[in-house]
Every structure is written in structure tokens, then in C-alpha cells.
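Shown next, in C-alpha cells, is the structure this report addresses.
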Amino acid sequence: MSMCSVLVNIPEFPFRLGDLCPQHSLAAMAAGLHASGHTPVVLDFATAAHVDRFDTPALRRSADRASELRRERLEPMIGRARRDRCREIAQQVAELGPPDLVVYRIVARGGLRIADMVRAILEEHCPDAIHVIAGEFVDSYGALALPGGGGFACVCAGDPEQSLPALAACLKEPGRWREIPGVYTESGSVGANWRSTPLSDYPAPVFDATHYPALIEGGKLRIFPLELTRSTGLRAPARALDPELAVRRLDLLAQRFGARGFVIHAEDAPAGEVAAFAQALIANGTRTRYVLRTSVRSLAPKEMSALRQSGCLAIEVAIPTGSQRLLEDFYRVPFGVSEAETILRAARDAGLFVSVRTQYPAPCEDRHTRAETLRLLRRTRPDAVGVVALEMTQQMPWYSDPAVHGFGLDAGGVGAWIQNGPELPYRYLGSGADELAADRARLEAELQEDGFMGAVSAEEILAARLMYPNLPSVSGIPQIRAAVQNAQGEELLHLVEEFNAALPGASHRGMRPFVPVLEAVGN
């Protein structure tokens, strides 16, 4: 029996350039449902046309600048604007069916509150609809992400191409939901081996007008995601998409949907997979531009010239610390400081923009480990460095036994924080959220004094390189970021159209055969 499914994406604020791009998780959900005979539609409200109507950025900036008395008067206005927008979203969802299944993509904790507002309004129009949450936040926190009160029926984690069609097949039989791998109910648990399916066996994400109308309606950047690898959810090598299949999907996105650039997701890719993808691009004669999100262990210095030749403009890698002791004993990553330094130097030497994400402070941090992190960054000079807080997610080695790793969980722990906690759900180094944030800000300030740019997104790097080819990337990124944050309504829509028009065509043939640089010089 075919089910009408609506996949909803509601932007959060502050608005970012990446929000304006097509979202892989939504397209993958739609692909799985469509391949199983259902009728999915993606309602992606992260578009230039919708941003002002949802949270009125101008009103938000006024509240930030106003006196305390004035802010108290403006906050209710902002709240009313949100509620009005949620009613509009609920009405648009209801007009599609009414739907049998409504799936809300949740990226961060704040998205749960907005989704719950839409759900409560939608239940008045479609009382029989089943409401489910999915997305990146759910993948990180599993059953803990399910709000209390019974509003949402369950959460779908892991591979949406697998879990959502299985849920749709028994949607009216909630007693069977617990048997579905990747589905959590309030009292349920996830089945074993729920991320073992080869990535190439899943249908390609769908971005056509029938399933993803926001791409046709306008207001979305033509920077597309392409998933080269996906985690197993365990401490095991990620599953990789066949390189030639990945190139065919990239070509199709360029030809059918006007893709102007790509963000390639290859986090935790097995060794050699990234290089195989680059070589497949070169062998196919595909000209494109992309930013690669990957890890140190997925790269080798000899592969950098192939990456650059295949159209890679930048790499994003996570290096949590410059301390060898912390890498081994606390973070337990499969690489060392020397390997990280070698990769960063090789990427810079190949002409790639290098963005590093580091974590600070760890519970066992001291002035020596802090100095080691600064030393690594100063020796390798990446173009951008983002400093982020530690997270208590299921993928982290300290999640299952926080006390051993130096964390003290607050009452209610992570679950209470997800639902309504204003601060971090844990303490360490004798400090709470404010003290840890201040310590992190001091490191960021020191890096800025040393000439490092702060955190940048893959989409910002790509847009800056393609829109301002005659400027260094570091110069173009602030211009793009300011344009997105300050633009409103039609002005933002005009900016998106300008982006898409300015970016060169993404995929055509005619490249010369690739000869590795090291091989060419006889090294």
C-alpha cells in the first residue's frame, strides 16, 4: 500500500550558507521511500523565499541591539512570528494529502522545539498522521532525542533508505516498530547490524521536481552534497560508494539539476577510497569543483596532486588536538601528530585550501597539551581553524563511561539536556558551560592573533573560490558570509540567483589524461 510521506526541513537561526544548499539526508529519505513504492515529497523551507517569514532576522537584530526593556517587548513579537510561520508550514503539509507519515529533519537540539510546534498544529488538521523525527541530530543521540509527552511516535536513525520504508510498511501496526533496525520508540531499542548494507546498494538520492520541489521553486544554491562514505555507527571502517558510481551520480546532478559545485562527504573513509574517487573523476574526463570533508587517516601525501587535478579546491579534516598523548589515550583516533602534520603540509603544498576542526578543552587538558595544539597549527599553517566543544554523543569513546574520562554528568544527564537544558549536560575541569566557553574563546583569540581564520564551512569555501576566483579564499569568505547574514527576502533570493549564475558549469568532458606529479619528475 502506497503511503503519502512528507519530509520537512525547517531552518534554524543564525542562518548559514549551507542551509541554502540541497540536503542529502532529505533526498536519501525520499529515495528510499520512492523505491519502495511510496509517494514522498520534500518540503525544504530553508530557502531564500522563506527565511524572513519564519524568524524575521531584521526583528532579531533589533532585539539584539535594543535595551533590556525594549528586548522584553520584542521577544514576544519574535515568538508570534515563529508561531505564525509554523502554522503556515503545517497548512502546507496538510494540503499535500493529508499525509500518512510526516518526517522532520532535526540537525540540532533547537530544531526539536520548532518541529514540535509544527506537529501540534498539524495534528488539528491531520489527526491520523504519524509524526517521526530523523536526521543528523537523531543519528548522534538515538532514543535520547525522542521528546517526552508522546507527540512524536518514534525516531528513525541510521540508514533512512532502510528504516523509513520498513516503518511505512507497518505504519498502522506500532507494535512491530521495535523490530525495525534503526527505529527507536519510547520503550524500544535498536536492532543489531542496522548499518551493514553496502552503500552502493541504496538508490541514488532524488532531487527532481516531483520529490524536491524547492530546487525548482528557487532560493536554493546549486551546491550539491555527494556522499562518498557513510559510517557504520560503530568503531569500524565506513562504507564506501563505488567510485565510478559516485562519478556517474555527480555527472547526473550537473547535467539534470545544474549543480555548480559539490561537497564530498568522505568522513572516516577507508584508506585509498578518496584517491580512487579522484582517479575515477580524472579517467571519466569530468571537470568539476568540490570541497572534500574527510579525515587524516583517509589521505596520503602522494594522493594530493590527484585530488587537485580532479577538481578538489579544499579539504576539511578533524584533528582534535596536537597532543600525541591525548590523541592516543583520550580521543583514540587512528593517527598521530606526525601523520597529521604530514597530511596538512602536503595539502598546502598541492595548493588546496585547508580547514581544520579541533576540540578544546578536553577533561585532561593542561597548559602543555594546549601548547602542543598551537605548535601543530603554527607549524602547518592551515588556512582556517575551527575550535569546537566536546560532545556527549553516542559515537564518542567517552559516552558509555563518562566518569572514567573525567566527565561529571548533571542530574538527568544527556537526555534532560536535549529536552530542556540550557547548558552542557556535563562538567569537567571543575568548570561549567560558561567557564569552558571562555577558555575556548581565549584559544580562538590567540589563533586569530596568529593570523588564522576561524571556522568556515565547506559551502563558504566553495562559493568564495568560485565567485571570487581572483581573490584569495580568505578574502572572499567574509564577503559571502556577510551577504547571507545581512540579506533579507528578495535581496537574499537575488544573492542566491547571483551565486548560481556566477558559478561555472560543473561537469563536462575534455580534460587531459592525468599524470601524477611525483611520477612525472621521477620521484
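Each chain in the C-alpha cells gets a letter, A, B, ..., in the order shown, and its residues are numbered from 1; ligands are numbered from 1 in order too.
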
Excluding region 221-230 of chain A and residues on its chain fewer than 3 positions from it, collect all residues at most 7 Å away from it, counting only C-alpha atoms, and give them as JSON, numbers by chain. {"A": [20, 21, 22, 23, 24, 238, 239, 240, 241, 246, 258, 259, 260, 261, 262, 263, 264, 265, 266, 267, 269, 496, 500]}

Name the residues in contact with region 115-123 of chain A at a cut-off of 10 Å, using only C-alpha atoms, excluding same-chain residues fewer than 2 positions from it; report them as a ChimeraX atom specification. /A:8-10,82-83,85-94,98,102-106,110-113,125-133,147,151-152

Let me see the file: selected residues, N, CA and C atoms, as a tab-separated table (two decimals), in the first residue's frame.
chain	number	residue	atom	x	y	z
A	8	VAL	N	10.06	17.11	6.11
A	8	VAL	CA	10.05	18.54	6.40
A	8	VAL	C	11.42	19.00	6.91
A	9	ASN	N	11.89	20.10	6.35
A	9	ASN	CA	13.15	20.72	6.80
A	9	ASN	C	12.87	22.18	7.12
A	10	ILE	N	13.04	22.56	8.39
A	10	ILE	CA	12.79	23.93	8.85
A	10	ILE	C	14.12	24.52	9.31
A	82	ARG	N	7.31	33.25	14.86
A	82	ARG	CA	7.60	31.82	14.74
A	82	ARG	C	6.31	31.00	14.69
A	83	ARG	N	5.41	31.30	15.61
A	83	ARG	CA	4.16	30.52	15.64
A	83	ARG	C	3.36	30.70	14.37
A	85	ARG	N	4.58	31.35	11.44
A	85	ARG	CA	5.26	30.62	10.38
A	85	ARG	C	5.02	29.11	10.51
A	86	CYS	N	4.99	28.62	11.75
A	86	CYS	CA	4.72	27.19	11.97
A	86	CYS	C	3.32	26.83	11.49
A	87	ARG	N	2.37	27.74	11.67
A	87	ARG	CA	1.01	27.48	11.16
A	87	ARG	C	1.02	27.39	9.63
A	88	GLU	N	1.77	28.28	8.99
A	88	GLU	CA	1.86	28.23	7.53
A	88	GLU	C	2.48	26.91	7.06
A	89	ILE	N	3.53	26.47	7.76
A	89	ILE	CA	4.18	25.21	7.39
A	89	ILE	C	3.22	24.05	7.58
A	90	ALA	N	2.52	24.03	8.70
A	90	ALA	CA	1.55	22.95	8.96
A	90	ALA	C	0.47	22.93	7.89
A	91	GLN	N	0.03	24.10	7.48
A	91	GLN	CA	-1.01	24.16	6.45
A	91	GLN	C	-0.50	23.62	5.12
A	92	GLN	N	0.74	23.96	4.76
A	92	GLN	CA	1.30	23.46	3.51
A	92	GLN	C	1.46	21.94	3.54
A	93	VAL	N	1.85	21.40	4.69
A	93	VAL	CA	1.96	19.94	4.82
A	93	VAL	C	0.58	19.30	4.66
A	94	ALA	N	-0.41	19.86	5.33
A	94	ALA	CA	-1.76	19.28	5.30
A	94	ALA	C	-2.34	19.30	3.89
A	98	PRO	N	-4.31	14.45	2.96
A	98	PRO	CA	-3.43	14.61	4.12
A	98	PRO	C	-2.39	13.49	4.17
A	102	VAL	N	4.75	11.97	8.48
A	102	VAL	CA	5.47	13.24	8.43
A	102	VAL	C	6.79	13.05	9.15
A	103	VAL	N	7.89	13.30	8.43
A	103	VAL	CA	9.23	13.12	8.98
A	103	VAL	C	9.89	14.49	9.07
A	104	TYR	N	10.40	14.83	10.25
A	104	TYR	CA	11.05	16.11	10.49
A	104	TYR	C	12.56	15.89	10.57
A	105	ARG	N	13.30	16.58	9.73
A	105	ARG	CA	14.76	16.52	9.80
A	105	ARG	C	15.25	17.42	10.93
A	106	ILE	N	15.98	16.82	11.88
A	106	ILE	CA	16.50	17.56	13.03
A	106	ILE	C	18.02	17.58	12.92
A	110	GLY	N	17.86	22.69	18.98
A	110	GLY	CA	16.80	23.67	18.85
A	110	GLY	C	15.73	23.29	17.85
A	111	GLY	N	16.07	22.43	16.89
A	111	GLY	CA	15.09	22.03	15.89
A	111	GLY	C	13.96	21.19	16.45
A	112	LEU	N	14.19	20.53	17.60
A	112	LEU	CA	13.12	19.73	18.21
A	112	LEU	C	11.94	20.60	18.62
A	113	ARG	N	12.22	21.77	19.17
A	113	ARG	CA	11.14	22.64	19.64
A	113	ARG	C	10.30	23.15	18.47
A	125	HIS	N	-5.27	19.37	11.93
A	125	HIS	CA	-5.73	19.20	10.55
A	125	HIS	C	-5.67	17.74	10.10
A	126	CYS	N	-4.66	17.02	10.58
A	126	CYS	CA	-4.43	15.64	10.13
A	126	CYS	C	-4.24	14.75	11.35
A	127	PRO	N	-5.30	14.43	12.06
A	127	PRO	CA	-5.17	13.68	13.31
A	127	PRO	C	-4.63	12.27	13.14
A	128	ASP	N	-4.71	11.70	11.94
A	128	ASP	CA	-4.28	10.32	11.74
A	128	ASP	C	-2.82	10.21	11.29
A	129	ALA	N	-2.17	11.33	11.03
A	129	ALA	CA	-0.79	11.28	10.56
A	129	ALA	C	0.16	10.81	11.67
A	130	ILE	N	1.20	10.07	11.28
A	130	ILE	CA	2.24	9.62	12.20
A	130	ILE	C	3.42	10.57	12.05
A	131	HIS	N	3.91	11.09	13.19
A	131	HIS	CA	5.00	12.07	13.18
A	131	HIS	C	6.29	11.43	13.69
A	132	VAL	N	7.36	11.59	12.92
A	132	VAL	CA	8.64	10.93	13.20
A	132	VAL	C	9.76	11.96	13.08
A	133	ILE	N	10.79	11.81	13.87
A	133	ILE	CA	11.96	12.69	13.72
A	133	ILE	C	13.14	11.85	13.23
A	147	PRO	N	11.46	13.37	22.23
A	147	PRO	CA	10.87	14.18	23.30
A	147	PRO	C	9.82	13.40	24.08
A	151	GLY	N	4.28	13.06	21.64
A	151	GLY	CA	3.91	13.75	20.41
A	151	GLY	C	4.47	13.08	19.17
A	152	PHE	N	5.76	12.71	19.23
A	152	PHE	CA	6.40	12.02	18.11
A	152	PHE	C	6.34	10.52	18.37

Measure the distance from CA of Glu446 (chain A) to CA of Arg378 (chain A) in Å and round it to one decimal. 11.3 Å

Taking the DSSP secondary structure from the backbone, can you list the residues of region 181-332 of chain A that are alpha helix (DSSP H), as a ChimeraX atom specification? /A:214-217,243-257,273-284,304-309,324-326

Return as a list of chain:residue names the full set of residues in region 75-237 of chain A whose backbone-based DSSP assignment is strand (DSSP E).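 The strand (DSSP E) subset of region 75-237 of chain A is A:Leu101, A:Val102, A:Val103, A:Tyr104, A:Arg105, A:Ile130, A:His131, A:Val132, A:Ile133, A:Ala134, A:Cys154, A:Val155, A:Cys156, A:Val183, A:Tyr184, A:Ile223, A:Phe224, A:Pro225, A:Leu226, A:Glu227, A:Thr229, A:Arg230.
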
Enumerate, in order of chain and increasing residue number, the residues of region 311-401 of chain A with an atom no farther than 6 Å from region 270-290 of chain A, each with its shortest atom pair and distance in Å to one decimal, counting only C-alpha atoms, as JSON lines.
{"residue": "A:Gly311", "atom": "CA", "partner": "A:Arg289", "partner_atom": "CA", "distance": 4.6}
{"residue": "A:Cys312", "atom": "CA", "partner": "A:Tyr290", "partner_atom": "CA", "distance": 4.9}
{"residue": "A:Leu313", "atom": "CA", "partner": "A:Tyr290", "partner_atom": "CA", "distance": 5.9}

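One finds CA of Val107 (chain A) at 13.5 Å from CA of Leu146 (chain A).
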
Thr47 (chain A): which residues within 8 Å, counting only C-alpha atoms, same-chain residues fewer than 4 positions away excluded, as a PyMOL selection string? chain A and resi 19-20+51+214+218-220

Do a neighbour search on Trp177 (chain A) at 10 Å with only C-alpha atoms, toss out local chain neighbours closer than 4 positions, and write the hits as a PDB file with N, CA, C and O atoms, in the first residue's frame.
ATOM      1  N   ALA A 153       5.975   9.778  17.337  1.00  0.00           N
ATOM      2  CA  ALA A 153       5.791   8.331  17.502  1.00  0.00           C
ATOM      3  C   ALA A 153       7.108   7.608  17.724  1.00  0.00           C
ATOM      4  O   ALA A 153       7.182   6.658  18.508  1.00  0.00           O
ATOM      5  N   CYS A 154       8.151   8.033  17.023  1.00  0.00           N
ATOM      6  CA  CYS A 154       9.440   7.354  17.131  1.00  0.00           C
ATOM      7  C   CYS A 154      10.507   8.207  16.461  1.00  0.00           C
ATOM      8  O   CYS A 154      10.209   9.259  15.881  1.00  0.00           O
ATOM      9  N   SER A 163      15.373   2.236   7.074  1.00  0.00           N
ATOM     10  CA  SER A 163      14.457   2.298   8.217  1.00  0.00           C
ATOM     11  C   SER A 163      13.108   2.923   7.862  1.00  0.00           C
ATOM     12  O   SER A 163      12.058   2.433   8.306  1.00  0.00           O
ATOM     13  N   ALA A 166      10.755   0.542   5.874  1.00  0.00           N
ATOM     14  CA  ALA A 166      10.276  -0.515   6.759  1.00  0.00           C
ATOM     15  C   ALA A 166       9.202   0.012   7.707  1.00  0.00           C
ATOM     16  O   ALA A 166       8.212  -0.677   7.994  1.00  0.00           O
ATOM     17  N   LEU A 167       9.375   1.238   8.168  1.00  0.00           N
ATOM     18  CA  LEU A 167       8.366   1.852   9.034  1.00  0.00           C
ATOM     19  C   LEU A 167       7.072   2.095   8.258  1.00  0.00           C
ATOM     20  O   LEU A 167       5.972   1.825   8.767  1.00  0.00           O
ATOM     21  N   ALA A 168       7.184   2.596   7.027  1.00  0.00           N
ATOM     22  CA  ALA A 168       5.991   2.863   6.220  1.00  0.00           C
ATOM     23  C   ALA A 168       5.218   1.579   5.937  1.00  0.00           C
ATOM     24  O   ALA A 168       3.991   1.599   5.840  1.00  0.00           O
ATOM     25  N   ALA A 169       5.930   0.455   5.836  1.00  0.00           N
ATOM     26  CA  ALA A 169       5.267  -0.814   5.521  1.00  0.00           C
ATOM     27  C   ALA A 169       4.375  -1.310   6.657  1.00  0.00           C
ATOM     28  O   ALA A 169       3.436  -2.077   6.411  1.00  0.00           O
ATOM     29  N   CYS A 170       4.662  -0.882   7.889  1.00  0.00           N
ATOM     30  CA  CYS A 170       3.835  -1.315   9.030  1.00  0.00           C
ATOM     31  C   CYS A 170       3.398  -0.107   9.856  1.00  0.00           C
ATOM     32  O   CYS A 170       3.338  -0.177  11.086  1.00  0.00           O
ATOM     33  N   LEU A 171       3.093   0.986   9.153  1.00  0.00           N
ATOM     34  CA  LEU A 171       2.819   2.250   9.835  1.00  0.00           C
ATOM     35  C   LEU A 171       1.624   2.151  10.784  1.00  0.00           C
ATOM     36  O   LEU A 171       1.613   2.806  11.833  1.00  0.00           O
ATOM     37  N   LYS A 172       0.647   1.357  10.438  1.00  0.00           N
ATOM     38  CA  LYS A 172      -0.552   1.235  11.262  1.00  0.00           C
ATOM     39  C   LYS A 172      -0.445   0.115  12.297  1.00  0.00           C
ATOM     40  O   LYS A 172      -1.419  -0.214  12.971  1.00  0.00           O
ATOM     41  N   GLU A 173       0.756  -0.451  12.413  1.00  0.00           N
ATOM     42  CA  GLU A 173       0.977  -1.522  13.391  1.00  0.00           C
ATOM     43  C   GLU A 173       2.142  -1.152  14.300  1.00  0.00           C
ATOM     44  O   GLU A 173       3.243  -1.693  14.183  1.00  0.00           O
ATOM     45  N   PRO A 181      15.218  -2.282  12.423  1.00  0.00           N
ATOM     46  CA  PRO A 181      16.547  -1.745  12.717  1.00  0.00           C
ATOM     47  C   PRO A 181      16.606  -0.237  12.484  1.00  0.00           C
ATOM     48  O   PRO A 181      16.173   0.251  11.441  1.00  0.00           O
ATOM     49  N   GLY A 182      17.130   0.480  13.451  1.00  0.00           N
ATOM     50  CA  GLY A 182      17.276   1.928  13.312  1.00  0.00           C
ATOM     51  C   GLY A 182      16.102   2.723  13.810  1.00  0.00           C
ATOM     52  O   GLY A 182      16.154   3.956  13.794  1.00  0.00           O
ATOM     53  N   VAL A 183      15.027   2.084  14.275  1.00  0.00           N
ATOM     54  CA  VAL A 183      13.847   2.798  14.770  1.00  0.00           C
ATOM     55  C   VAL A 183      13.791   2.679  16.292  1.00  0.00           C
ATOM     56  O   VAL A 183      13.882   1.583  16.839  1.00  0.00           O
ATOM     57  N   TYR A 184      13.654   3.821  16.956  1.00  0.00           N
ATOM     58  CA  TYR A 184      13.538   3.868  18.406  1.00  0.00           C
ATOM     59  C   TYR A 184      12.128   4.344  18.772  1.00  0.00           C
ATOM     60  O   TYR A 184      11.655   5.353  18.241  1.00  0.00           O
ATOM     61  N   THR A 185      11.485   3.641  19.673  1.00  0.00           N
ATOM     62  CA  THR A 185      10.266   4.133  20.301  1.00  0.00           C
ATOM     63  C   THR A 185      10.608   4.498  21.740  1.00  0.00           C
ATOM     64  O   THR A 185      11.731   4.311  22.196  1.00  0.00           O
ATOM     65  N   GLY A 188      11.468   1.345  23.182  1.00  0.00           N
ATOM     66  CA  GLY A 188      12.088   0.389  22.290  1.00  0.00           C
ATOM     67  C   GLY A 188      13.589   0.493  22.250  1.00  0.00           C
ATOM     68  O   GLY A 188      14.216   1.344  22.892  1.00  0.00           O
ATOM     69  N   SER A 189      14.199  -0.383  21.486  1.00  0.00           N
ATOM     70  CA  SER A 189      15.644  -0.377  21.296  1.00  0.00           C
ATOM     71  C   SER A 189      15.943  -0.671  19.840  1.00  0.00           C
ATOM     72  O   SER A 189      15.094  -1.160  19.097  1.00  0.00           O
ATOM     73  N   VAL A 190      17.161  -0.381  19.456  1.00  0.00           N
ATOM     74  CA  VAL A 190      17.542  -0.552  18.063  1.00  0.00           C
ATOM     75  C   VAL A 190      18.054  -1.967  17.832  1.00  0.00           C
ATOM     76  O   VAL A 190      18.696  -2.557  18.688  1.00  0.00           O
TER      77      VAL A 190
END

How close does each residue of region 225-299 of chain A get to region 317-333 of chain A, giving the shortest atom pair and distance in Å to one decimal for every residue with an atom at most 8 Å away, counting only C-alpha atoms, sorted by chain and residue number, as JSON lines?
{"residue": "A:Arg293", "atom": "CA", "partner": "A:Val317", "partner_atom": "CA", "distance": 6.3}
{"residue": "A:Thr294", "atom": "CA", "partner": "A:Val317", "partner_atom": "CA", "distance": 5.5}
{"residue": "A:Ser295", "atom": "CA", "partner": "A:Val317", "partner_atom": "CA", "distance": 5.0}
{"residue": "A:Val296", "atom": "CA", "partner": "A:Val317", "partner_atom": "CA", "distance": 6.4}

When distances are computed from only C-alpha atoms, which of A:Leu7, A:Ala437, A:Leu245, A:Ala48 shows the smallest separation from Pro203 (chain A)? A:Leu245

Residue neighbourhood Val42 (chain A), 6 Å, only C-alpha atoms, exclusion window fewer than 3 positions, as a PyMOL selection string: chain A and resi 6-7+211-212

Write the residues of the selection above to a file with all heavy atoms, as a PDB file, in the first residue's frame.
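Done, and the output landed in result01.pdb:
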ATOM      1  N   VAL A   6       5.591  13.123   3.884  1.00  0.00           N
ATOM      2  CA  VAL A   6       6.119  14.483   3.754  1.00  0.00           C
ATOM      3  C   VAL A   6       7.362  14.597   4.623  1.00  0.00           C
ATOM      4  O   VAL A   6       7.325  14.298   5.821  1.00  0.00           O
ATOM      5  CB  VAL A   6       5.080  15.537   4.167  1.00  0.00           C
ATOM      6  CG1 VAL A   6       5.648  16.940   3.947  1.00  0.00           C
ATOM      7  CG2 VAL A   6       3.794  15.352   3.375  1.00  0.00           C
ATOM      8  N   LEU A   7       8.459  15.016   4.009  1.00  0.00           N
ATOM      9  CA  LEU A   7       9.740  15.165   4.701  1.00  0.00           C
ATOM     10  C   LEU A   7      10.004  16.651   4.870  1.00  0.00           C
ATOM     11  O   LEU A   7      10.136  17.384   3.885  1.00  0.00           O
ATOM     12  CB  LEU A   7      10.852  14.499   3.896  1.00  0.00           C
ATOM     13  CG  LEU A   7      10.519  13.098   3.346  1.00  0.00           C
ATOM     14  CD1 LEU A   7      11.643  12.584   2.470  1.00  0.00           C
ATOM     15  CD2 LEU A   7      10.229  12.136   4.478  1.00  0.00           C
ATOM     16  N   HIS A 211       9.849  15.240  -6.220  1.00  0.00           N
ATOM     17  CA  HIS A 211      10.183  14.871  -4.859  1.00  0.00           C
ATOM     18  C   HIS A 211      10.833  16.000  -4.069  1.00  0.00           C
ATOM     19  O   HIS A 211      10.767  16.006  -2.835  1.00  0.00           O
ATOM     20  CB  HIS A 211      11.122  13.657  -4.853  1.00  0.00           C
ATOM     21  CG  HIS A 211      10.520  12.440  -5.479  1.00  0.00           C
ATOM     22  ND1 HIS A 211      10.824  12.030  -6.759  1.00  0.00           N
ATOM     23  CD2 HIS A 211       9.610  11.556  -5.007  1.00  0.00           C
ATOM     24  CE1 HIS A 211      10.135  10.939  -7.041  1.00  0.00           C
ATOM     25  NE2 HIS A 211       9.388  10.628  -6.002  1.00  0.00           N
ATOM     26  N   TYR A 212      11.492  16.942  -4.745  1.00  0.00           N
ATOM     27  CA  TYR A 212      12.216  18.020  -4.050  1.00  0.00           C
ATOM     28  C   TYR A 212      11.881  19.347  -4.740  1.00  0.00           C
ATOM     29  O   TYR A 212      12.731  19.967  -5.377  1.00  0.00           O
ATOM     30  CB  TYR A 212      13.713  17.745  -4.097  1.00  0.00           C
ATOM     31  CG  TYR A 212      14.505  18.301  -2.922  1.00  0.00           C
ATOM     32  CD1 TYR A 212      15.392  17.497  -2.215  1.00  0.00           C
ATOM     33  CD2 TYR A 212      14.407  19.628  -2.534  1.00  0.00           C
ATOM     34  CE1 TYR A 212      16.129  17.984  -1.149  1.00  0.00           C
ATOM     35  CE2 TYR A 212      15.141  20.135  -1.481  1.00  0.00           C
ATOM     36  CZ  TYR A 212      16.001  19.299  -0.791  1.00  0.00           C
ATOM     37  OH  TYR A 212      16.739  19.799   0.262  1.00  0.00           O
TER      38      TYR A 212
END
